[in-house]
>>> print(open('model-v3.cif').read())   # mmCIF, C-alpha atoms and all ligand atoms
data_entry
loop_
_atom_site.group_PDB
_atom_site.id
_atom_site.type_symbol
_atom_site.label_atom_id
_atom_site.label_comp_id
_atom_site.auth_asym_id
_atom_site.auth_seq_id
_atom_site.Cartn_x
_atom_site.Cartn_y
_atom_site.Cartn_z
ATOM 1 C CA MET A 226 4.282 -2.447 10.277
ATOM 2 C CA THR A 227 3.219 -5.357 8.105
ATOM 3 C CA ARG A 228 -0.453 -4.342 8.221
ATOM 4 C CA LEU A 229 -0.306 -0.729 7.180
ATOM 5 C CA PRO A 230 -2.816 0.775 4.792
ATOM 6 C CA LYS A 231 -1.323 1.769 1.459
ATOM 7 C CA HIS A 232 -3.615 4.753 1.209
ATOM 8 C CA ILE A 233 -4.998 7.023 3.944
ATOM 9 C CA ALA A 234 -7.595 9.702 3.190
ATOM 10 C CA ILE A 235 -8.225 12.528 5.640
ATOM 11 C CA ILE A 236 -11.045 15.058 5.976
ATOM 12 C CA MET A 237 -9.179 17.866 7.708
ATOM 13 C CA ASP A 238 -12.019 19.443 9.656
ATOM 14 C CA GLY A 239 -12.438 21.780 12.626
ATOM 15 C CA ASN A 240 -10.093 24.678 11.803
ATOM 16 C CA GLY A 241 -12.809 27.306 12.210
ATOM 17 C CA ARG A 242 -14.118 26.042 15.561
ATOM 18 C CA TRP A 243 -10.579 25.610 16.882
ATOM 19 C CA ALA A 244 -9.832 29.263 16.072
ATOM 20 C CA LYS A 245 -13.148 30.502 17.464
ATOM 21 C CA ASP A 246 -12.469 28.719 20.766
ATOM 22 C CA GLN A 247 -9.423 30.917 21.213
ATOM 23 C CA GLY A 248 -11.240 34.065 20.203
ATOM 24 C CA GLN A 249 -9.538 34.166 16.808
ATOM 25 C CA ASP A 250 -10.677 34.554 13.220
ATOM 26 C CA ARG A 251 -11.438 31.366 11.231
ATOM 27 C CA LEU A 252 -8.449 32.020 8.968
ATOM 28 C CA PHE A 253 -6.177 31.748 11.996
ATOM 29 C CA GLY A 254 -7.381 28.145 12.222
ATOM 30 C CA HIS A 255 -6.620 27.498 8.567
ATOM 31 C CA TYR A 256 -3.071 28.837 8.991
ATOM 32 C CA HIS A 257 -2.544 26.471 11.910
ATOM 33 C CA GLY A 258 -4.050 23.683 9.830
ATOM 34 C CA VAL A 259 -1.089 24.000 7.462
ATOM 35 C CA VAL A 260 1.257 23.107 10.326
ATOM 36 C CA SER A 261 -0.735 19.894 10.840
ATOM 37 C CA VAL A 262 -0.492 19.109 7.127
ATOM 38 C CA ARG A 263 3.287 19.393 7.301
ATOM 39 C CA LYS A 264 3.487 17.181 10.417
ATOM 40 C CA ILE A 265 1.159 14.525 9.013
ATOM 41 C CA VAL A 266 2.942 14.406 5.655
ATOM 42 C CA GLU A 267 6.218 13.906 7.547
ATOM 43 C CA ALA A 268 4.687 11.215 9.741
ATOM 44 C CA ALA A 269 3.082 9.388 6.810
ATOM 45 C CA THR A 270 6.422 9.376 4.979
ATOM 46 C CA GLU A 271 8.234 8.110 8.042
ATOM 47 C CA ILE A 272 5.677 5.342 8.675
ATOM 48 C CA GLY A 273 5.838 4.272 5.036
ATOM 49 C CA ILE A 274 2.390 5.176 3.773
ATOM 50 C CA GLN A 275 2.322 5.225 -0.046
ATOM 51 C CA TYR A 276 -0.663 7.479 -0.710
ATOM 52 C CA LEU A 277 -2.118 10.253 1.406
ATOM 53 C CA THR A 278 -5.193 12.135 0.221
ATOM 54 C CA LEU A 279 -6.122 15.334 2.042
ATOM 55 C CA TYR A 280 -9.494 17.036 1.617
ATOM 56 C CA ALA A 281 -8.555 20.706 1.607
ATOM 57 C CA PHE A 282 -11.537 22.439 -0.007
ATOM 58 C CA SER A 283 -14.865 21.097 -1.227
ATOM 59 C CA THR A 284 -17.021 22.357 -4.085
ATOM 60 C CA GLU A 285 -19.513 23.355 -1.385
ATOM 61 C CA ASN A 286 -16.858 25.433 0.396
ATOM 62 C CA TRP A 287 -17.054 27.964 -2.475
ATOM 63 C CA ASP A 288 -20.282 29.140 -0.807
ATOM 64 C CA ARG A 289 -18.492 30.347 2.324
ATOM 65 C CA PRO A 290 -18.124 34.110 2.951
ATOM 66 C CA GLU A 291 -15.947 35.712 0.290
ATOM 67 C CA ALA A 292 -13.229 36.789 2.732
ATOM 68 C CA GLU A 293 -12.728 33.213 3.933
ATOM 69 C CA VAL A 294 -12.621 31.821 0.373
ATOM 70 C CA THR A 295 -10.115 34.474 -0.738
ATOM 71 C CA GLY A 296 -8.032 33.904 2.387
ATOM 72 C CA LEU A 297 -7.977 30.154 1.776
ATOM 73 C CA MET A 298 -6.963 30.573 -1.890
ATOM 74 C CA THR A 299 -4.074 32.818 -0.860
ATOM 75 C CA LEU A 300 -3.072 30.314 1.785
ATOM 76 C CA PHE A 301 -3.109 27.418 -0.732
ATOM 77 C CA VAL A 302 -1.008 29.257 -3.293
ATOM 78 C CA ASP A 303 1.505 30.574 -0.721
ATOM 79 C CA THR A 304 1.812 27.208 1.019
ATOM 80 C CA ILE A 305 2.357 25.296 -2.212
ATOM 81 C CA ALA A 306 5.018 27.763 -3.368
ATOM 82 C CA LYS A 307 6.733 27.567 0.003
ATOM 83 C CA GLU A 308 6.530 23.796 0.544
ATOM 84 C CA VAL A 309 7.240 22.391 -2.928
ATOM 85 C CA PRO A 310 11.055 22.534 -2.634
ATOM 86 C CA ASP A 311 10.952 20.494 0.600
ATOM 87 C CA LEU A 312 8.344 18.079 -0.732
ATOM 88 C CA HIS A 313 10.478 17.586 -3.819
ATOM 89 C CA LYS A 314 13.599 17.017 -1.726
ATOM 90 C CA ASN A 315 11.698 14.356 0.205
ATOM 91 C CA ASN A 316 10.778 12.558 -3.038
ATOM 92 C CA ILE A 317 7.063 13.348 -2.596
ATOM 93 C CA LYS A 318 4.824 13.381 -5.644
ATOM 94 C CA LEU A 319 2.060 15.991 -5.531
ATOM 95 C CA GLN A 320 -1.271 15.534 -7.265
ATOM 96 C CA PHE A 321 -4.457 17.594 -7.209
ATOM 97 C CA ILE A 322 -7.985 16.323 -7.719
ATOM 98 C CA GLY A 323 -11.087 18.440 -8.113
ATOM 99 C CA ASN A 324 -12.742 20.951 -10.376
ATOM 100 C CA LEU A 325 -9.598 23.030 -10.748
ATOM 101 C CA ASN A 326 -11.231 25.166 -13.458
ATOM 102 C CA MET A 327 -13.033 27.019 -10.691
ATOM 103 C CA LEU A 328 -9.739 28.219 -9.197
ATOM 104 C CA PRO A 329 -8.283 31.647 -9.971
ATOM 105 C CA ASP A 330 -5.605 31.621 -12.707
ATOM 106 C CA HIS A 331 -2.622 32.211 -10.414
ATOM 107 C CA ALA A 332 -3.712 29.253 -8.268
ATOM 108 C CA LYS A 333 -4.146 27.011 -11.319
ATOM 109 C CA LYS A 334 -0.629 27.866 -12.388
ATOM 110 C CA ALA A 335 0.871 27.184 -8.954
ATOM 111 C CA LEU A 336 -0.791 23.750 -8.849
ATOM 112 C CA ALA A 337 0.267 22.852 -12.384
ATOM 113 C CA ASP A 338 3.881 23.851 -11.640
ATOM 114 C CA ALA A 339 3.960 21.847 -8.401
ATOM 115 C CA THR A 340 2.510 18.800 -10.188
ATOM 116 C CA THR A 341 5.047 18.953 -13.028
ATOM 117 C CA GLN A 342 7.981 19.570 -10.734
ATOM 118 C CA THR A 343 7.274 16.532 -8.546
ATOM 119 C CA ALA A 344 5.843 14.199 -11.209
ATOM 120 C CA GLN A 345 8.873 11.880 -11.349
ATOM 121 C CA ASN A 346 9.178 11.411 -7.581
ATOM 122 C CA THR A 347 8.774 7.872 -6.279
ATOM 123 C CA GLY A 348 8.083 8.349 -2.549
ATOM 124 C CA LEU A 349 4.765 9.264 -0.963
ATOM 125 C CA THR A 350 2.038 10.384 -3.372
ATOM 126 C CA LEU A 351 0.316 13.341 -1.749
ATOM 127 C CA VAL A 352 -3.103 13.951 -3.272
ATOM 128 C CA ILE A 353 -4.795 17.232 -2.420
ATOM 129 C CA ALA A 354 -8.551 17.378 -3.015
ATOM 130 C CA LEU A 355 -9.223 20.984 -3.910
ATOM 131 C CA SER A 356 -12.539 22.319 -5.189
ATOM 132 C CA TYR A 357 -13.438 18.652 -5.003
ATOM 133 C CA SER A 358 -16.758 16.865 -4.704
ATOM 134 C CA GLY A 359 -17.416 13.157 -5.042
ATOM 135 C CA ARG A 360 -20.597 13.694 -7.040
ATOM 136 C CA TRP A 361 -18.791 16.062 -9.408
ATOM 137 C CA GLU A 362 -16.125 13.385 -9.939
ATOM 138 C CA LEU A 363 -18.724 10.661 -10.598
ATOM 139 C CA ILE A 364 -20.518 12.845 -13.128
ATOM 140 C CA GLU A 365 -17.250 13.709 -14.888
ATOM 141 C CA ALA A 366 -16.361 10.008 -15.064
ATOM 142 C CA THR A 367 -19.790 9.218 -16.491
ATOM 143 C CA LYS A 368 -19.407 11.912 -19.135
ATOM 144 C CA SER A 369 -15.987 10.654 -20.159
ATOM 145 C CA ILE A 370 -17.221 7.048 -20.386
ATOM 146 C CA ALA A 371 -20.259 8.151 -22.419
ATOM 147 C CA GLN A 372 -17.974 10.049 -24.789
ATOM 148 C CA LYS A 373 -15.778 6.959 -25.308
ATOM 149 C CA VAL A 374 -18.840 4.849 -26.068
ATOM 150 C CA LYS A 375 -20.102 7.490 -28.475
ATOM 151 C CA ASN A 376 -16.706 7.573 -30.236
ATOM 152 C CA GLY A 377 -16.793 3.806 -30.589
ATOM 153 C CA GLU A 378 -13.724 3.373 -28.334
ATOM 154 C CA LEU A 379 -15.572 1.488 -25.611
ATOM 155 C CA ALA A 380 -18.370 -1.088 -25.690
ATOM 156 C CA VAL A 381 -21.193 -0.660 -23.173
ATOM 157 C CA GLU A 382 -20.687 -4.308 -22.096
ATOM 158 C CA ALA A 383 -17.048 -3.567 -21.274
ATOM 159 C CA ILE A 384 -17.921 -1.030 -18.564
ATOM 160 C CA ASN A 385 -17.011 -2.507 -15.186
ATOM 161 C CA GLU A 386 -15.566 -1.284 -11.862
ATOM 162 C CA GLU A 387 -12.032 -1.104 -13.264
ATOM 163 C CA VAL A 388 -13.101 0.908 -16.303
ATOM 164 C CA PHE A 389 -15.093 3.237 -14.090
ATOM 165 C CA ALA A 390 -12.165 3.715 -11.688
ATOM 166 C CA GLU A 391 -9.866 4.557 -14.606
ATOM 167 C CA ASN A 392 -12.139 7.450 -15.494
ATOM 168 C CA LEU A 393 -12.012 8.993 -12.039
ATOM 169 C CA ALA A 394 -9.628 11.761 -10.970
ATOM 170 C CA THR A 395 -7.852 9.155 -8.803
ATOM 171 C CA LYS A 396 -6.967 6.978 -11.811
ATOM 172 C CA GLY A 397 -4.054 4.696 -10.953
ATOM 173 C CA ILE A 398 -4.357 5.238 -7.200
ATOM 174 C CA PRO A 399 -5.580 2.338 -5.032
ATOM 175 C CA ASP A 400 -8.707 2.931 -2.918
ATOM 176 C CA PRO A 401 -8.067 4.249 0.604
ATOM 177 C CA GLU A 402 -8.212 1.515 3.242
ATOM 178 C CA LEU A 403 -8.561 4.099 6.009
ATOM 179 C CA MET A 404 -10.504 7.368 6.095
ATOM 180 C CA ILE A 405 -9.970 9.723 9.023
ATOM 181 C CA ARG A 406 -12.159 12.724 9.854
ATOM 182 C CA THR A 407 -11.207 15.135 12.602
ATOM 183 C CA SER A 408 -13.364 17.438 14.769
ATOM 184 C CA GLY A 409 -16.150 15.051 15.748
ATOM 185 C CA GLU A 410 -18.313 15.253 12.618
ATOM 186 C CA CYS A 411 -19.407 11.804 11.454
ATOM 187 C CA ARG A 412 -20.136 12.293 7.762
ATOM 188 C CA ILE A 413 -18.199 12.149 4.502
ATOM 189 C CA SER A 414 -19.294 15.520 3.069
ATOM 190 C CA ASN A 415 -19.050 14.506 -0.587
ATOM 191 C CA PHE A 416 -15.538 13.011 -0.299
ATOM 192 C CA LEU A 417 -14.362 10.105 -2.528
ATOM 193 C CA LEU A 418 -17.826 8.545 -2.830
ATOM 194 C CA PHE A 419 -16.725 5.734 -5.150
ATOM 195 C CA GLN A 420 -13.310 5.063 -3.628
ATOM 196 C CA LEU A 421 -14.418 4.802 0.018
ATOM 197 C CA ALA A 422 -16.825 1.913 -0.661
ATOM 198 C CA TYR A 423 -14.904 -0.449 1.656
ATOM 199 C CA ALA A 424 -12.712 1.939 3.645
ATOM 200 C CA GLU A 425 -12.516 1.770 7.423
ATOM 201 C CA PHE A 426 -13.791 5.032 8.910
ATOM 202 C CA TYR A 427 -12.114 6.627 11.911
ATOM 203 C CA PHE A 428 -13.685 9.666 13.550
ATOM 204 C CA THR A 429 -11.909 11.644 16.232
ATOM 205 C CA GLU A 430 -12.900 14.662 18.319
ATOM 206 C CA THR A 431 -9.416 16.141 17.830
ATOM 207 C CA ARG A 432 -9.607 19.210 15.634
ATOM 208 C CA TRP A 433 -7.358 19.416 12.605
ATOM 209 C CA PRO A 434 -4.987 22.141 13.933
ATOM 210 C CA GLU A 435 -4.186 19.831 16.864
ATOM 211 C CA PHE A 436 -3.855 16.604 14.883
ATOM 212 C CA ARG A 437 -0.331 15.197 15.158
ATOM 213 C CA LYS A 438 1.638 12.002 14.521
ATOM 214 C CA GLU A 439 0.410 10.369 17.767
ATOM 215 C CA HIS A 440 -3.199 10.856 16.614
ATOM 216 C CA LEU A 441 -2.366 9.285 13.266
ATOM 217 C CA VAL A 442 -0.722 6.347 15.017
ATOM 218 C CA GLU A 443 -3.816 5.939 17.209
ATOM 219 C CA ALA A 444 -5.966 5.776 14.063
ATOM 220 C CA LEU A 445 -3.606 3.212 12.521
ATOM 221 C CA LEU A 446 -3.721 1.006 15.622
ATOM 222 C CA GLN A 447 -7.507 1.175 15.642
ATOM 223 C CA TYR A 448 -7.495 0.283 11.919
ATOM 224 C CA GLN A 449 -5.219 -2.695 12.550
ATOM 225 C CA SER A 450 -7.490 -4.016 15.296
ATOM 226 C CA ARG A 451 -10.461 -4.240 12.926
ATOM 227 C CA GLU A 452 -11.442 -7.262 10.904
ATOM 228 C CA ARG A 453 -12.098 -6.341 7.284
ATOM 229 C CA ARG A 454 -14.517 -8.891 5.927
ATOM 230 C CA PHE A 455 -15.555 -7.490 2.520
ATOM 231 C CA GLY A 456 -18.912 -9.227 2.785
ATOM 232 C CA LYS A 457 -17.522 -12.603 3.814
ATOM 233 C CA THR A 458 -17.872 -14.277 7.217
ATOM 234 C CA SER A 459 -15.317 -13.957 9.967
ATOM 235 C CA ALA A 460 -14.367 -17.642 9.567
ATOM 236 C CA GLN A 461 -13.685 -17.111 5.877
ATOM 237 C CA VAL A 462 -11.329 -14.207 6.323
ATOM 238 C CA GLN A 463 -9.430 -15.830 9.195
HETATM 239 C C1 LIG B 1 -11.827 22.516 7.583
HETATM 240 O O1 LIG B 1 -12.159 23.304 8.677
HETATM 241 C C2 LIG B 1 -11.148 23.280 6.476
HETATM 242 C C3 LIG B 1 -12.017 23.592 5.319
HETATM 243 C C4 LIG B 1 -13.204 23.121 5.109
HETATM 244 C C5 LIG B 1 -11.474 24.500 4.331
HETATM 245 P P1 LIG B 1 -13.496 24.149 8.707
HETATM 246 O O2 LIG B 1 -13.219 25.458 8.078
HETATM 247 O O3 LIG B 1 -14.612 23.377 8.124
HETATM 248 O O4 LIG B 1 -13.714 24.350 10.278
HETATM 249 P P2 LIG B 1 -15.070 24.146 11.088
HETATM 250 O O5 LIG B 1 -15.595 22.803 10.711
HETATM 251 O O6 LIG B 1 -15.977 25.255 10.686
HETATM 252 O O7 LIG B 1 -14.653 24.206 12.513
HETATM 253 C C1 LIG B 2 -15.518 19.098 4.477
HETATM 254 O O1 LIG B 2 -15.606 19.940 5.592
HETATM 255 C C2 LIG B 2 -14.568 19.662 3.492
HETATM 256 C C3 LIG B 2 -13.191 19.810 3.937
HETATM 257 C C4 LIG B 2 -12.683 19.436 5.066
HETATM 258 C C5 LIG B 2 -12.326 20.406 2.988
HETATM 259 P P1 LIG B 2 -16.819 20.948 5.795
HETATM 260 O O2 LIG B 2 -16.601 21.594 7.104
HETATM 261 O O3 LIG B 2 -16.954 21.817 4.627
HETATM 262 O O4 LIG B 2 -18.062 19.941 5.826
HETATM 263 P P2 LIG B 2 -19.511 20.083 6.470
HETATM 264 O O5 LIG B 2 -20.118 21.314 5.902
HETATM 265 O O6 LIG B 2 -19.333 20.172 7.951
HETATM 266 O O7 LIG B 2 -20.198 18.817 6.091
HETATM 267 MG MG MG B 3 -15.916 22.043 8.887
#
>>> encode(input="model-v3.cif", output="structure tokens", more="lines below")
Ligand code: IPE
Ligand code: IPE
Ligand code: MG
Amino acid sequence: MTRLPKHIAIIMDGNGRWAKDQGQDRLFGHYHGVVSVRKIVEAATEIGIQYLTLYAFSTENWDRPEAEVTGLMTLFVDTIAKEVPDLHKNNIKLQFIGNLNMLPDHAKKALADATTQTAQNTGLTLVIALSYSGRWELIEATKSIAQKVKNGELAVEAINEEVFAENLATKGIPDPELMIRTSGECRISNFLLFQLAYAEFYFTETRWPEFRKEHLVEALLQYQSRERRFGKTSAQVQ
């Protein structure tokens, strides 16, 4: 318990294949994925994780068939409306990162309401990456830095890692120490490109609808068995 990551990021993958394996529609998998979200949020709270970032929908996912995109949007809005009272009761602070302008108006409103309602909570910070892409975020940060330089608010020489991080959507949130991806794919699919620079990666075959607390604990134990050297030698870090 003394060597827990502060921040865990998860690429929740494999809903579609999980559903297909049981002869069901992809959306059936997404609905079951929500159950996993609830269980993992509970587990993370119980274990004492401070930040949990969940990749729910990428910018690239907009290119999926229209019925799946519409179904997912409905699922997001309904789930947020349904879960916010419980999240709030559990002192969880909700945050959304991504190009939220691309979302339909009713979804934008649901997210804004959930963010405001839970803003003062001091327990787990639950970050949902929605319509998110790491490259989009880096470009937005670059634009905002360029604008500050242009306005004379920031000197070019003053731009460093901290300044850059402050211009990201994850401003104020420490980098994830552990990144988990379910369903056997070993790639980051445009997730948190800047923030994952030194994260430990954990890939599991388990598909997201089947991911439970015991799988999270397994990932944490694996994380704790690793030596994080940050470029130094083993002797130096010991
Ligand atoms: C992850 O599951 C959820 C989203 C990307 C929205 P997928 O929908 O990618 O499921 P697979 O990878 O096709 O099985
Ligand atoms: C990444 O999963 C995005 C989310 C889990 C939200 P994808 O299923 O979209 O990624 P690729 O296409 O397999 O890389
Ligand atoms: Mg996938």
>>> closest_residue(input="model-v3.cif", among="A:Ser414, A:Asn376, A:Asn316, A:Ser369", to="ligand LIG 1 (chain B)", atoms="all atoms listed in the file")
A:Ser414
>>> closest_atom_pairs(input="model-v3.cif", of="range 251-321 of chain A", to="range 397-413 of chain A", cutoff="12 Å", atoms="all atoms listed in the file", output="CSV")
residue,atom,partner,partner_atom,distance
A:Gly258,CA,A:Thr407,CA,11.5
A:Ser261,CA,A:Thr407,CA,11.6
A:Ile274,CA,A:Pro401,CA,11.0
A:Gln275,CA,A:Pro399,CA,9.8
A:Tyr276,CA,A:Ile398,CA,7.8
A:Leu277,CA,A:Pro401,CA,8.5
A:Thr278,CA,A:Pro401,CA,8.4
A:Leu279,CA,A:Ile405,CA,9.7
A:Tyr280,CA,A:Arg406,CA,9.7
A:Ser283,CA,A:Ile413,CA,11.1
A:Gln320,CA,A:Ile398,CA,10.7
>>> resolve_selection(input="model-v3.cif", expression="the PyMOL selection byres (((chain A and resi 241) around 12) and not hetatm)", output="number ranges by chain")
A: 237-240, 242-258, 289, 293, 297, 408, 432-434
>>> axis_aligned_box(input="model-v3.cif", around="range 299-302 of chain A", padding_each_side="8 Å", output="lines of an AutoDock Vina configuration file")
center_x = -2.5
center_y = 30.1
center_z = -0.8
size_x = 19.1
size_y = 21.4
size_z = 21.1
>>> residues_around(input="model-v3.cif", residues="Leu418 in chain A", least_positions_apart="2", cutoff="10 Å", atoms="only C-alpha atoms", output="list in words")
Ser358, Gly359, Arg360, Glu362, Leu363, Ile413, Ser414, Asn415, Phe416, Gln420, Leu421 and Ala422 of chain A
>>> residues_around(input="model-v3.cif", residues="range 440-449 of chain A", least_positions_apart="6", cutoff="7 Å", atoms="all atoms listed in the file", output="VMD selection string")
chain A and resid 228 425 427
>>> closest_residue(input="model-v3.cif", among="A:Ser356, A:Thr395, A:Thr340, A:Asn286", to="ligand MG 3 (chain B)", atoms="only C-alpha atoms and all ligand atoms")
A:Asn286
>>> residues_around(input="model-v3.cif", residues="Ala335 in chain A", least_positions_apart="3", cutoff="8 Å", atoms="only C-alpha atoms", output="ChimeraX atom specification")
/A:302,305-306,331-332,338-339
>>> write_last_selection(input="model-v3.cif", atoms="C-alpha atoms", output="PDB file, in the frame of the given file")
ATOM      1  CA  VAL A 302      -1.008  29.257  -3.293  1.00  0.00           C
ATOM      2  CA  ILE A 305       2.357  25.296  -2.212  1.00  0.00           C
ATOM      3  CA  ALA A 306       5.018  27.763  -3.368  1.00  0.00           C
ATOM      4  CA  HIS A 331      -2.622  32.211 -10.414  1.00  0.00           C
ATOM      5  CA  ALA A 332      -3.712  29.253  -8.268  1.00  0.00           C
ATOM      6  CA  ASP A 338       3.881  23.851 -11.640  1.00  0.00           C
ATOM      7  CA  ALA A 339       3.960  21.847  -8.401  1.00  0.00           C
TER       8      ALA A 339
END
>>> decode(input="model-v3.cif", residues="range 452-460 of chain A", atoms="all heavy atoms", output="JSON list (two decimals), in the first residue's frame")
[["chain", "number", "residue", "atom", "x", "y", "z"],
["A", 452, "GLU", "N", 11.23, -2.08, -11.52],
["A", 452, "GLU", "CA", 12.14, -1.04, -11.06],
["A", 452, "GLU", "C", 12.05, 0.13, -12.03],
["A", 452, "GLU", "O", 12.31, -0.02, -13.23],
["A", 452, "GLU", "CB", 13.57, -1.57, -11.04],
["A", 452, "GLU", "CG", 14.56, -0.53, -10.56],
["A", 452, "GLU", "CD", 15.97, -1.09, -10.48],
["A", 452, "GLU", "OE1", 16.53, -1.40, -11.55],
["A", 452, "GLU", "OE2", 16.51, -1.23, -9.37],
["A", 453, "ARG", "N", 11.67, 1.28, -11.53],
["A", 453, "ARG", "CA", 11.54, 2.47, -12.38],
["A", 453, "ARG", "C", 12.84, 3.26, -12.27],
["A", 453, "ARG", "O", 13.14, 3.82, -11.23],
["A", 453, "ARG", "CB", 10.32, 3.29, -11.94],
["A", 453, "ARG", "CG", 9.05, 2.46, -11.92],
["A", 453, "ARG", "CD", 7.83, 3.30, -11.67],
["A", 453, "ARG", "NE", 7.48, 4.11, -12.83],
["A", 453, "ARG", "CZ", 6.83, 5.27, -12.75],
["A", 453, "ARG", "NH1", 6.51, 5.77, -11.59],
["A", 453, "ARG", "NH2", 6.53, 5.93, -13.85],
["A", 454, "ARG", "N", 13.57, 3.31, -13.36],
["A", 454, "ARG", "CA", 14.90, 3.89, -13.29],
["A", 454, "ARG", "C", 15.00, 5.31, -13.82],
["A", 454, "ARG", "O", 15.95, 6.01, -13.54],
["A", 454, "ARG", "CB", 15.89, 2.98, -14.03],
["A", 454, "ARG", "CG", 16.15, 1.67, -13.28],
["A", 454, "ARG", "CD", 17.28, 0.87, -13.89],
["A", 454, "ARG", "NE", 16.92, 0.26, -15.16],
["A", 454, "ARG", "CZ", 16.25, -0.89, -15.29],
["A", 454, "ARG", "NH1", 15.87, -1.56, -14.23],
["A", 454, "ARG", "NH2", 15.95, -1.36, -16.49],
["A", 455, "PHE", "N", 14.08, 5.76, -14.61],
["A", 455, "PHE", "CA", 14.09, 7.13, -15.16],
["A", 455, "PHE", "C", 15.45, 7.49, -15.76],
["A", 455, "PHE", "O", 15.95, 8.60, -15.55],
["A", 455, "PHE", "CB", 13.69, 8.15, -14.09],
["A", 455, "PHE", "CG", 12.30, 7.90, -13.54],
["A", 455, "PHE", "CD1", 12.12, 7.24, -12.33],
["A", 455, "PHE", "CD2", 11.18, 8.29, -14.25],
["A", 455, "PHE", "CE1", 10.85, 6.99, -11.83],
["A", 455, "PHE", "CE2", 9.90, 8.04, -13.76],
["A", 455, "PHE", "CZ", 9.73, 7.40, -12.55],
["A", 456, "GLY", "N", 16.05, 6.55, -16.46],
["A", 456, "GLY", "CA", 17.30, 6.83, -17.15],
["A", 456, "GLY", "C", 18.55, 6.55, -16.34],
["A", 456, "GLY", "O", 19.65, 6.54, -16.87],
["A", 457, "LYS", "N", 18.37, 6.36, -15.03],
["A", 457, "LYS", "CA", 19.54, 6.12, -14.18],
["A", 457, "LYS", "C", 19.92, 4.64, -14.19],
["A", 457, "LYS", "O", 19.23, 3.82, -14.80],
["A", 457, "LYS", "CB", 19.23, 6.57, -12.75],
["A", 457, "LYS", "CG", 18.99, 8.06, -12.66],
["A", 457, "LYS", "CD", 18.80, 8.49, -11.23],
["A", 457, "LYS", "CE", 18.57, 9.99, -11.17],
["A", 457, "LYS", "NZ", 17.78, 10.37, -10.01],
["A", 458, "THR", "N", 20.93, 4.26, -13.47],
["A", 458, "THR", "CA", 21.29, 2.84, -13.36],
["A", 458, "THR", "C", 20.54, 2.24, -12.18],
["A", 458, "THR", "O", 20.06, 2.96, -11.29],
["A", 458, "THR", "CB", 22.80, 2.66, -13.10],
["A", 458, "THR", "OG1", 23.10, 3.19, -11.80],
["A", 458, "THR", "CG2", 23.64, 3.37, -14.17],
["A", 459, "SER", "N", 20.50, 0.92, -12.19],
["A", 459, "SER", "CA", 19.83, 0.20, -11.11],
["A", 459, "SER", "C", 20.47, 0.54, -9.75],
["A", 459, "SER", "O", 19.77, 0.79, -8.77],
["A", 459, "SER", "CB", 19.93, -1.30, -11.39],
["A", 459, "SER", "OG", 19.15, -2.00, -10.50],
["A", 460, "ALA", "N", 21.80, 0.61, -9.71],
["A", 460, "ALA", "CA", 22.51, 0.92, -8.47],
["A", 460, "ALA", "C", 22.11, 2.31, -7.95],
["A", 460, "ALA", "O", 21.92, 2.50, -6.74],
["A", 460, "ALA", "CB", 24.01, 0.85, -8.69]]
